[in-house]
Every structure is written in C-alpha cells, then in structure tokens.
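my_file_17.txt (compact mmCIF, C-alpha atoms)
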```
# COMPACT_ATOMS: atom_id res chain seq x y z
CA MET A 1 8.58 94.71 222.64
CA LYS A 2 12.04 93.31 221.85
CA SER A 3 10.55 91.05 219.19
CA LEU A 4 8.77 94.01 217.59
CA PHE A 5 11.98 96.04 217.58
CA PHE A 6 13.92 93.12 216.07
CA LEU A 7 11.28 92.71 213.35
CA LEU A 8 11.43 96.44 212.54
CA VAL A 9 15.25 96.36 212.30
CA CYS A 10 15.12 93.31 210.02
CA THR A 11 12.51 94.99 207.81
CA LEU A 12 14.60 98.15 207.50
CA PHE A 13 17.73 96.11 206.78
CA LEU A 14 16.04 94.09 204.05
CA HIS A 15 14.62 97.26 202.51
CA ALA A 16 18.06 98.87 202.56
CA THR A 17 19.64 95.92 200.73
CA THR A 18 17.10 95.81 197.91
CA LEU A 19 17.07 97.99 194.82
CA SER A 20 14.08 99.20 192.87
CA LEU A 21 14.26 99.85 189.14
CA ASP A 22 13.86 103.59 189.72
CA GLU A 23 16.81 103.63 192.14
CA ILE A 24 18.97 101.83 189.59
CA LEU A 25 18.03 104.28 186.83
CA GLN A 26 18.72 107.27 189.08
CA LYS A 27 22.18 105.90 189.83
CA LEU A 28 22.78 105.33 186.13
CA ARG A 29 21.87 108.93 185.26
CA HIS A 30 24.37 110.30 187.74
CA GLU A 31 27.19 107.76 187.91
CA HIS A 32 27.31 105.65 184.74
CA PRO A 33 30.36 106.34 182.51
CA MET A 34 28.08 107.07 179.54
CA ALA A 35 26.12 109.65 181.55
CA LYS A 36 29.33 111.28 182.81
CA SER A 37 30.71 111.29 179.27
CA THR A 38 27.61 113.08 178.00
CA GLN A 39 27.88 115.68 180.79
CA ALA A 40 31.56 116.23 179.94
CA PHE A 41 30.73 116.67 176.27
CA GLU A 42 28.02 119.21 177.14
CA GLN A 43 30.56 121.26 179.11
CA ALA A 44 33.12 120.89 176.32
CA TYR A 45 30.67 122.08 173.67
CA ASP A 46 29.59 125.02 175.84
CA SER A 47 33.23 126.13 176.09
CA GLN A 48 33.78 125.51 172.39
CA ASN A 49 30.75 127.62 171.44
CA ARG A 50 31.87 130.44 173.73
CA ALA A 51 35.30 130.30 172.08
CA ILE A 52 33.73 130.62 168.62
CA SER A 53 31.67 133.59 169.82
CA SER A 54 34.71 135.39 171.20
CA ARG A 55 36.57 138.14 169.39
CA GLN A 56 39.75 137.07 167.65
CA PRO A 57 42.96 138.11 169.42
CA LEU A 58 44.66 141.38 168.58
CA GLY A 59 47.80 140.85 166.54
CA PHE A 60 51.06 142.65 167.31
CA LEU A 61 53.34 143.67 164.40
CA THR A 62 56.92 144.76 164.57
CA GLU A 63 59.74 145.14 162.06
CA GLY A 64 63.32 146.42 162.20
CA THR A 65 65.54 147.54 159.27
CA TYR A 66 69.02 148.91 158.80
CA ALA A 67 68.93 151.46 155.94
CA LYS A 68 71.86 153.04 154.11
CA PRO A 69 70.65 155.49 151.48
CA ASP A 70 73.18 156.55 148.80
CA LEU A 71 72.93 160.29 149.42
CA ASP A 72 71.84 160.44 153.01
CA LYS A 73 72.79 159.31 156.43
CA SER A 74 72.41 155.66 157.33
CA GLY A 75 70.73 154.18 160.41
CA TYR A 76 68.09 151.89 161.84
CA GLU A 77 64.41 152.00 160.97
CA TYR A 78 61.58 150.16 162.71
CA SER A 79 57.83 149.88 162.77
CA VAL A 80 55.31 148.68 165.35
CA GLY A 81 51.61 148.13 164.94
CA VAL A 82 48.52 146.13 165.75
CA GLU A 83 46.16 144.11 163.57
CA GLN A 84 42.63 142.99 164.23
CA ASN A 85 40.60 140.52 162.15
CA PHE A 86 36.83 140.95 162.00
CA MET A 87 34.39 138.38 160.65
CA HIS A 88 31.50 139.63 158.58
CA PRO A 89 28.57 139.98 161.06
CA SER A 90 26.38 137.61 159.03
CA VAL A 91 29.17 135.04 158.69
CA LYS A 92 29.96 135.17 162.40
CA LYS A 93 26.29 134.87 163.37
CA ASN A 94 25.79 131.81 161.15
CA THR A 95 29.09 130.24 162.22
CA ILE A 96 28.02 130.50 165.85
CA LYS A 97 24.57 129.10 165.06
CA SER A 98 26.05 126.24 163.04
CA ALA A 99 28.41 125.24 165.84
CA LYS A 100 25.62 125.47 168.44
CA TYR A 101 23.22 123.34 166.40
CA ALA A 102 25.96 120.80 165.60
CA SER A 103 26.87 120.40 169.28
CA ASP A 104 23.18 120.10 170.21
CA ALA A 105 22.85 117.35 167.59
CA GLU A 106 25.80 115.47 169.10
CA ILE A 107 24.41 115.74 172.64
CA LEU A 108 20.96 114.54 171.53
CA SER A 109 22.60 111.60 169.78
CA LEU A 110 24.45 110.69 173.00
CA LYS A 111 21.21 111.01 174.97
CA HIS A 112 19.54 108.72 172.44
CA ASP A 113 22.24 106.08 173.08
CA PHE A 114 21.77 106.48 176.84
CA ALA A 115 17.98 106.10 176.47
CA LEU A 116 18.62 102.78 174.68
CA LEU A 117 20.83 101.73 177.60
CA GLU A 118 18.09 102.64 180.10
CA ASN A 119 15.57 100.48 178.25
CA GLU A 120 18.04 97.59 178.13
CA VAL A 121 18.41 97.91 181.90
CA ARG A 122 14.61 98.01 182.31
CA LEU A 123 14.26 94.83 180.24
CA LEU A 124 17.07 92.96 182.03
CA TYR A 125 15.63 93.99 185.42
CA HIS A 126 12.29 92.44 184.42
CA ILE A 127 14.01 89.32 183.03
CA ASN A 128 15.94 88.73 186.25
CA CYS A 129 12.81 89.23 188.34
CA LEU A 130 10.95 86.71 186.14
CA ASP A 131 13.82 84.23 186.52
CA LYS A 132 13.74 84.67 190.31
CA LYS A 133 9.97 84.13 190.39
CA ASN A 134 10.42 81.12 188.13
CA ILE A 135 12.89 79.42 190.43
CA GLU A 136 10.76 80.18 193.49
CA GLN A 137 7.82 78.42 191.82
CA TYR A 138 10.06 75.55 190.78
CA LYS A 139 11.42 75.23 194.31
CA LYS A 140 7.88 74.85 195.67
CA SER A 141 7.16 72.10 193.12
CA PHE A 142 10.49 70.46 193.87
CA LEU A 143 9.94 70.46 197.65
CA ALA A 144 6.40 69.11 197.21
CA PHE A 145 7.72 66.28 195.04
CA GLU A 146 10.56 65.64 197.50
CA ALA A 147 7.99 65.23 200.26
CA ILE A 148 6.07 62.71 198.15
CA TYR A 149 9.29 60.82 197.41
CA THR A 150 10.14 60.66 201.14
CA LYS A 151 6.72 59.12 201.86
CA LYS A 152 7.10 56.62 199.03
CA GLU A 153 10.58 55.70 200.24
CA LYS A 154 9.17 54.88 203.65
CA SER A 155 6.26 52.93 202.17
CA TYR A 156 8.74 50.96 200.02
CA LYS A 157 10.46 49.73 203.18
CA TYR A 158 7.11 48.31 204.32
CA GLY A 159 6.44 46.75 200.93
CA GLU A 160 3.62 49.15 200.03
CA THR A 161 5.44 50.64 197.01
CA SER A 162 7.07 48.67 194.23
CA LYS A 163 10.76 49.01 193.40
CA LYS A 164 9.84 50.05 189.86
CA GLU A 165 7.73 52.95 191.11
CA LEU A 166 10.41 54.03 193.56
CA LEU A 167 13.05 53.99 190.80
CA GLN A 168 10.81 56.08 188.59
CA LEU A 169 10.45 58.59 191.41
CA GLN A 170 14.22 58.57 192.08
CA ILE A 171 14.96 59.31 188.42
CA GLU A 172 12.42 62.10 188.43
CA LEU A 173 13.92 63.53 191.62
CA GLU A 174 17.39 63.62 190.02
CA ARG A 175 15.93 65.26 186.94
CA LEU A 176 14.27 67.91 189.08
CA LYS A 177 17.55 68.57 190.92
CA ASN A 178 19.36 69.07 187.62
CA GLU A 179 16.64 71.38 186.36
CA TYR A 180 16.74 73.32 189.61
CA ARG A 181 20.49 73.90 189.13
CA TYR A 182 19.79 74.99 185.56
CA TYR A 183 17.24 77.59 186.71
CA GLU A 184 19.64 78.78 189.41
CA ASN A 185 22.21 79.41 186.69
CA GLU A 186 19.61 81.28 184.64
CA VAL A 187 19.06 83.66 187.56
CA LYS A 188 22.82 84.21 187.84
CA ILE A 189 23.20 84.76 184.09
CA SER A 190 20.37 87.31 183.88
CA ARG A 191 21.80 89.03 186.96
CA ASP A 192 25.26 89.16 185.33
CA ASN A 193 23.72 90.52 182.13
CA LEU A 194 22.10 93.30 184.12
CA GLN A 195 25.37 94.04 185.93
CA SER A 196 27.20 94.21 182.57
CA LYS A 197 24.95 97.10 181.56
CA ILE A 198 24.93 98.92 184.91
CA LEU A 199 28.74 98.82 185.43
CA LEU A 200 28.48 100.32 188.93
CA PRO A 201 29.76 98.76 192.18
CA PHE A 202 26.66 99.63 194.25
CA PHE A 203 24.71 96.88 192.48
CA LYS A 204 26.84 93.86 193.44
CA ASP A 205 25.69 93.21 197.01
CA LYS A 206 22.02 94.09 196.69
CA GLU A 207 18.94 92.18 195.64
CA LEU A 208 16.31 93.47 193.26
CA SER A 209 13.06 94.62 194.79
CA CYS A 210 10.93 93.23 191.91
CA GLU A 211 7.88 94.93 193.42
CA ASP A 212 7.83 97.49 190.61
CA ILE A 213 7.47 95.12 187.66
CA LYS A 214 5.22 96.64 185.01
CA ALA A 215 1.82 94.99 184.89
CA VAL A 216 0.97 93.09 181.74
CA THR A 217 -1.87 94.94 180.06
CA ASN A 218 -3.32 95.50 176.63
CA GLU A 219 -4.49 99.01 177.48
CA LEU A 220 -1.32 100.93 176.65
CA SER A 221 -1.34 104.32 174.93
CA PHE A 222 1.72 105.63 173.14
CA ASN A 223 2.57 109.08 171.80
CA ASP A 224 3.48 108.30 168.18
CA VAL A 225 3.64 111.98 167.18
CA GLN A 226 6.39 113.15 169.52
CA GLU A 227 9.78 113.13 167.85
CA SER A 228 12.43 110.78 169.21
CA LEU A 229 15.83 112.01 170.36
CA GLN A 230 17.28 110.64 167.13
CA GLU A 231 14.85 112.73 165.08
CA GLN A 232 15.55 115.80 167.21
CA SER A 233 19.27 115.26 166.64
CA LEU A 234 18.73 115.24 162.87
CA ASN A 235 16.66 118.44 163.16
CA LYS A 236 19.62 120.15 164.82
CA LYS A 237 21.97 118.77 162.16
CA ILE A 238 19.73 120.18 159.42
CA GLN A 239 19.66 123.57 161.16
CA SER A 240 23.46 123.50 161.43
CA LEU A 241 23.83 122.79 157.71
CA GLN A 242 21.34 125.56 156.89
CA SER A 243 23.47 128.00 158.88
CA ASP A 244 26.55 126.79 156.97
CA PHE A 245 24.69 127.49 153.73
CA ASP A 246 23.57 130.96 154.86
CA LYS A 247 27.04 132.13 155.87
CA TYR A 248 28.26 131.86 152.28
CA ASN A 249 25.75 134.51 151.16
CA ALA A 250 27.97 137.30 152.49
CA PRO A 251 30.07 139.22 149.91
CA PHE A 252 33.20 138.58 152.00
CA ASP A 253 34.05 136.37 154.97
CA SER A 254 36.20 138.74 157.01
CA PHE A 255 38.34 141.82 156.89
CA ALA A 256 41.43 142.97 158.76
CA LEU A 257 42.32 146.44 160.07
CA ARG A 258 45.95 147.32 160.66
CA ALA A 259 47.40 150.39 162.36
CA SER A 260 51.15 150.92 162.62
CA TYR A 261 53.84 153.49 163.40
CA GLN A 262 56.98 153.54 161.21
CA ASN A 263 60.12 155.29 162.34
CA GLU A 264 62.25 155.96 159.28
CA ILE A 265 65.58 157.77 159.01
CA ASP A 266 64.08 160.97 157.70
CA ALA A 267 60.37 160.64 158.59
CA ASP A 268 57.80 159.26 160.99
CA ARG A 269 54.82 157.56 159.38
CA PHE A 270 51.42 156.47 160.71
CA THR A 271 49.69 153.85 158.54
CA LEU A 272 46.12 152.53 158.55
CA ALA A 273 45.38 149.56 156.27
CA LEU A 274 42.32 147.50 155.35
CA SER A 275 42.48 143.96 153.97
CA MET A 276 39.59 141.79 152.76
CA PRO A 277 39.23 138.77 150.47
CA LEU A 278 37.64 139.19 147.05
CA ASN A 279 35.29 136.22 146.98
CA PHE A 280 34.30 136.80 143.36
CA THR A 281 37.81 135.84 142.26
CA THR A 282 37.32 132.18 143.27
CA SER A 283 34.53 129.58 143.27
CA ILE A 284 35.32 128.30 146.77
CA ASN A 285 32.24 129.90 148.34
CA GLU A 286 29.91 128.62 145.64
CA GLU A 287 31.24 125.10 145.99
CA SER A 288 31.01 125.30 149.78
CA ARG A 289 27.41 126.49 149.53
CA ALA A 290 26.59 123.59 147.20
CA ALA A 291 28.23 121.12 149.59
CA ALA A 292 26.21 122.46 152.56
CA LEU A 293 23.01 122.30 150.50
CA HIS A 294 23.59 118.67 149.48
CA LYS A 295 24.49 117.68 153.04
CA LYS A 296 21.29 119.31 154.27
CA SER A 297 19.27 117.38 151.68
CA ALA A 298 20.98 114.14 152.75
CA ALA A 299 20.11 114.82 156.40
CA GLN A 300 16.49 115.58 155.45
CA TYR A 301 16.23 112.31 153.52
CA GLU A 302 17.79 110.50 156.48
CA LYS A 303 15.16 111.97 158.78
CA GLU A 304 12.38 111.04 156.37
CA GLY A 305 13.67 107.46 156.25
CA LEU A 306 13.97 107.36 160.04
CA LYS A 307 10.42 108.61 160.41
CA LEU A 308 9.07 105.95 158.04
CA GLN A 309 11.11 103.25 159.77
CA LYS A 310 9.86 104.42 163.16
CA ALA A 311 6.23 104.23 162.00
CA SER A 312 6.77 100.76 160.52
CA ASN A 313 8.56 99.43 163.61
CA THR A 314 5.95 100.93 165.92
CA GLU A 315 3.10 99.26 164.05
CA ALA A 316 4.86 95.89 164.02
CA LEU A 317 5.81 96.06 167.71
CA LYS A 318 2.29 97.06 168.74
CA LYS A 319 0.94 93.97 166.98
CA GLU A 320 3.59 91.81 168.66
CA LEU A 321 2.68 93.30 172.03
CA THR A 322 -1.01 92.52 171.51
CA GLN A 323 -0.14 88.99 170.44
CA SER A 324 2.06 88.49 173.52
CA PHE A 325 -0.72 89.77 175.77
CA GLU A 326 -3.23 87.38 174.19
CA SER A 327 -0.77 84.48 174.57
CA ILE A 328 -0.27 85.32 178.26
CA THR A 329 -4.03 85.52 178.84
CA ALA A 330 -4.67 82.20 177.10
CA GLN A 331 -1.76 80.50 178.88
CA LYS A 332 -2.94 81.74 182.28
CA ALA A 333 -6.44 80.36 181.66
CA MET A 334 -5.04 77.00 180.56
CA LEU A 335 -2.66 76.85 183.52
CA ALA A 336 -5.39 77.73 186.03
CA LYS A 337 -7.65 74.99 184.67
CA TYR A 338 -4.85 72.43 184.70
CA GLU A 339 -3.57 73.39 188.15
CA ASN A 340 -6.90 73.91 189.92
CA GLU A 341 -9.09 71.29 188.26
CA LEU A 342 -7.05 68.50 186.65
CA MET A 343 -4.06 68.20 189.00
CA PRO A 344 -6.12 67.70 192.19
CA LEU A 345 -7.85 64.77 190.47
CA ILE A 346 -4.56 63.28 189.30
CA GLU A 347 -2.95 63.68 192.73
CA SER A 348 -5.99 62.12 194.40
CA GLY A 349 -5.97 59.21 191.94
CA TYR A 350 -2.26 58.66 192.48
CA ALA A 351 -2.63 58.76 196.27
CA LEU A 352 -5.42 56.15 196.04
CA GLY A 353 -3.39 53.98 193.69
CA GLU A 354 -5.73 54.54 190.74
CA ASP A 355 -3.03 56.20 188.60
CA SER A 356 0.53 54.98 188.02
CA ALA A 357 3.69 56.87 188.92
CA ILE A 358 4.37 57.49 185.21
CA GLU A 359 0.97 59.15 184.75
CA TYR A 360 1.54 61.30 187.81
CA LEU A 361 5.05 62.30 186.73
CA LEU A 362 3.94 63.15 183.20
CA SER A 363 1.16 65.33 184.62
CA GLN A 364 3.63 67.15 186.87
CA ARG A 365 5.95 67.74 183.94
CA GLU A 366 3.10 69.07 181.83
CA LEU A 367 2.11 71.44 184.63
CA TRP A 368 5.66 72.78 184.91
CA LYS A 369 5.90 73.06 181.12
CA LEU A 370 2.81 75.29 181.15
CA LYS A 371 4.38 77.48 183.86
CA GLU A 372 7.65 77.70 181.95
CA GLU A 373 5.84 78.68 178.75
CA LEU A 374 3.99 81.39 180.67
CA THR A 375 7.34 82.81 181.86
CA LEU A 376 8.63 82.81 178.25
CA HIS A 377 5.49 84.65 177.11
CA HIS A 378 6.11 87.26 179.83
CA LYS A 379 9.72 87.68 178.70
CA LYS A 380 8.57 88.13 175.11
CA TYR A 381 6.01 90.73 176.22
CA TYR A 382 8.61 92.81 178.10
CA GLU A 383 11.16 92.44 175.31
CA THR A 384 8.62 93.85 172.84
CA LEU A 385 7.45 96.55 175.25
CA PHE A 386 10.92 97.98 175.88
CA LYS A 387 11.81 97.77 172.18
CA LEU A 388 8.73 99.90 171.58
CA TYR A 389 9.88 102.30 174.31
CA SER A 390 13.23 102.61 172.55
CA VAL A 391 11.64 103.28 169.16
CA LEU A 392 9.28 105.93 170.53
CA GLN A 393 11.75 107.25 173.14
CA ILE A 394 9.15 106.99 175.87
CA LYS A 395 10.13 108.22 179.33
CA GLU A 396 8.36 106.63 182.26
```

Would it be possible to restate this file's structure as structure tokens?
Amino acid sequence: MKSLFFLLVCTLFLHATTLSLDEILQKLRHEHPMAKSTQAFEQAYDSQNRAISSRQPLGFLTEGTYAKPDLDKSGYEYSVGVEQNFMHPSVKKNTIKSAKYASDAEILSLKHDFALLENEVRLLYHINCLDKKNIEQYKKSFLAFEAIYTKKEKSYKYGETSKKELLQLQIELERLKNEYRYYENEVKISRDNLQSKILLPFFKDKELSCEDIKAVTNELSFNDVQESLQEQSLNKKIQSLQSDFDKYNAPFDSFALRASYQNEIDADRFTLALSMPLNFTTSINEESRAAALHKKSAAQYEKEGLKLQKASNTEALKKELTQSFESITAQKAMLAKYENELMPLIESGYALGEDSAIEYLLSQRELWKLKEELTLHHKKYYETLFKLYSVLQIKE
C-alpha cells in the first residue's frame, strides 16, 4: 500500500513538473509582454475612440473694458458668454469610423505578430523534443557500445582480443563520448532558444511533456480561403481610408455657436453668433480627399500583393511538406531494414570473429547516421509545417 502511494505521489509530481505545448501557449496568451502590450493597446484605443466620439467642451468667453466716451460718462464694460463647436454630422460619423477602423487595423497587426510568435514557440517546442529523443537514442547506442567495450577489455587481458582491435574500440568510445556531449549541448541550445521566445519564469524549472508532438502525416487539409490577420488588418486600413475620403464630401467641417451677454455703459446687449468655414475658398479639402484616395489605392494594391504572395508561399510550402513527408517515410524504411535485418547479421559476425572491429564500427556509424538524418528530416517537416501555419494563420 505504501509503495502504491509512493508511486502515485511520484507520478503526480512528475506530471506537475512537465509542461505541454498547450499549457505554454496558454501562459503566453495571458502573461507574455507582447500579449499584455496588445491588451493595453486595445484598452488605449477604446478610450481614444470614446474620446473622439465625445462632444467638444463648452468654451467660456469673458472680456473687460474701460470706456470713456467723449460726450458721456465713463466706466467699465464687460461681456461674458459661452461657445460650442459642432462637427458636421457626416464628418463626425466618418471621423469616428476612421479612427475605429484604424485602431482595429493596428490591433490585428499586433495579433498577427503574436501569431508568428506562437508558431515559433510551437516549432522550437518540437525541435527541443526531437533533440531530447535524439540524445535518448544515442545514449542507448552509447551504453550498448560501452558494454561491448567492457567485454573486449576483459578479453584483451586474457589474450583473446588484439591490442589493435582494443585501440580501435577505445578511439571509437572517445568519439562517442564527444558526440554525446555535442548532442547534450544541442538539447540545451534548443531549450535556450525556446526560453528566449517564451520570456516567462515559469518555464525555467520544468521539463517538456513531448507527448503532444504533432504526428507526421501527408493527410493535412488547410483553409486557403480564410483571410489571414495581416489581410484583415489591411481591410480595416482600407475602410479607415474610405471613411477619411467620405468625410471630405461635407460642405463644411464644423460650425461654432456663440452666445454672450455684454454690459455696456449705456446698454445691455445679448448676442448670438454663428461661425463656419467656407470650404470653397480653399483647395485643402480637395487635396485631402485626393490623398485619402491614393492611400486607399496603395493599401488595396498592398493587399493584392499580399494575397498573391500568400498563395505562392502556400503552394511552395505544401510541396516542401510533401517532400519532407516522403523523405521521412523513405528514411524510416531504410533505417528499419538496416537496423532489423543487416545489423543483427553484422553483430553476430563480429561476435563470432567473422567481421573485423573496423567493419563493425563503420556499420554502427552508418546506423547512427541514418537515425540522425531521420531527425533532420523531422525538423525540416516541422519547420515547413509551422511556416505554413504562419502564412495561413491557422489556429490549432
């Protein structure tokens, strides 16, 4: 019973100290500086848009004068009043729309950048897991060779193994140790690369689960029609520029109403005044309309180019993905044949003294080379896959 309880505690502890890819991404979306920055910008733009929608403040007017008419009594005169500016309803509506669309475009652009970060994290997670699997496989090969070397060392003492063969095995053992250190460093480097993207302290003391690695398959379907966040951002930018264009259609931008009371020496006056710009007296609105129109055209061309580039990149990456899958399939078949059919024969021949140490060592190196190439093919597959995710803005 105690043993069962101890096993359960150990299992829970190990589970608690490992991180899945989904857990990492959830942390990123809530705690990463880029995510917090985007949230802060969203709040800032909401406040900014509410400010634009608000009525302009009422202005207070006051004036004091000392008057001394030639034929009348002298004294002080003053006036007080209020002034209110009003935007043309059409201008205000389009100004609000333009600001809203522009802020939406900025937020979508920030979300696009964060989506790229998420796919970088996905890729680096897979790379680190592949490196860990790689070193685990290498460790098994290393320990198996070390066991063979120990036996040969003992047989050398009894004169059953030549000094030449033992030296060859010693050199190979040193080479394997050096390679093992190299692969250990690769694990550390890929881990550090992942940490450099995550930038959160929770990650430092935990191991990756690696149980959620995406399976290598050729049966992947992608939604090529759905617009990416980058395209959606350009749509909002185009809408913003269209609103800028529309607001210049109004005959005037704004007008001001003023009401005041004037206390003069010999009279009290109440004044009501109206002020508005005469747009026809200047070309500023026409030039502003032309500028908005050209900017809109530029944004439309930018979107068209982005769409064409997306289609081209998608097609190229799909071909690369298929090629990587085929390479993995072929490499697996070759490795299985080598490992399950040829190596047992070589090991048996070496044990019986039919094959030399050099032949055995070369065969072992070739086997590891095949395994290493398979790992590289896997890395290439995931690199292409997550590039494709970034181009199409796919959410898992």

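Considering the residues A:Asp46, A:Asp212, A:Asp266, A:Glu120 and counting only C-alpha atoms, Tyr76 in chain A has its shortest atom-to-atom contact with A:Asp266.
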
field: d(CA of Phe325 in chain A, CA of Ala311 in chain A) in Å
entry: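 Calculated distance between CA of Phe325 in chain A and CA of Ala311 in chain A is 21.1 Å.
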
message: Using only C-alpha atoms for the distances, tell me which of A:Lys152, A:Lys197, A:Lys247, A:Lys133 is nearest to Ala351 in chain A.
response: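 Nearest to Ala351 in chain A: A:Lys152.
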
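The closest residue to Phe245 in chain A, picked from A:Thr95, A:Ser312, A:Lys303, A:Met87 and counting only C-alpha atoms, is A:Thr95.
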
task: Could you give me, as a ChimeraX atom specification, the residues within 10 Å of range 173-183 of chain A, counting all atoms listed in the file and dropping anything in the same chain fewer than 3 positions from it?
output: /A:131-132,134-136,138-139,141-143,145-146,149,167-170,186-189,365

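The residue that comes closest to Lys164 in chain A, out of A:Ala357, A:Ala99, A:Leu308, A:Leu130 and on the basis of all atoms listed in the file, is A:Ala357.
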
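With all atoms listed in the file as the atoms that count, the residue of A:Glu219, A:Glu315, A:Asp355, A:Glu63 with the shortest distance to Tyr261 in chain A is A:Glu63.
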
- request: Pick out the closest residue to Thr384 in chain A from this set: A:Leu208, A:Ala299, A:Ala316, A:Ala273. Count only C-alpha atoms.
  value: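 Using only C-alpha atoms, the shortest distance to Thr384 in chain A belongs to A:Ala316.
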
Axis-aligned box for all listed atoms of range 142-154 of chain A, 5 Å per side, centre and edges in Å to one decimal, as AutoDock Vina command-line options:
```
--center_x 8.3 --center_y 62.7 --center_z 198.8 --size_x 14.5 --size_y 25.6 --size_z 19.8
```

Set out as a tab-separated table a contact list for range 77-157 of chain A and range 28-44 of chain A with a cut-off of 9 Å, giving each residue of range 77-157 of chain A that qualifies its closest atom pair and distance in Å to one decimal, counting all atoms listed in the file, ordered by chain and rising residue number.
```
residue	atom	partner	partner_atom	distance
A:Ser103	CA	A:Glu42	CA	8.0
A:Asp104	CA	A:Glu42	CA	8.5
A:Glu106	CA	A:Phe41	CA	8.8
A:Ile107	CA	A:Glu42	CA	6.7
A:Leu110	CA	A:Thr38	CA	6.4
A:Lys111	CA	A:Thr38	CA	7.4
A:Asp113	CA	A:Met34	CA	8.8
A:Phe114	CA	A:Met34	CA	6.9
A:Glu118	CA	A:Leu28	CA	8.1
```

- request: Kindly give the distance, in Å, that separates CA of Glu287 in chain A and CA of Asp246 in chain A, rounded to a single decimal.
  value: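 These two atoms are separated by 13.1 Å.
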
- request: For CA of Leu367 in chain A and CA of Ile328 in chain A, determine how far apart the two atoms are, in Å to one decimal place.
  value: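 One can read the CA of Leu367 in chain A to CA of Ile328 in chain A distance as 15.5 Å.
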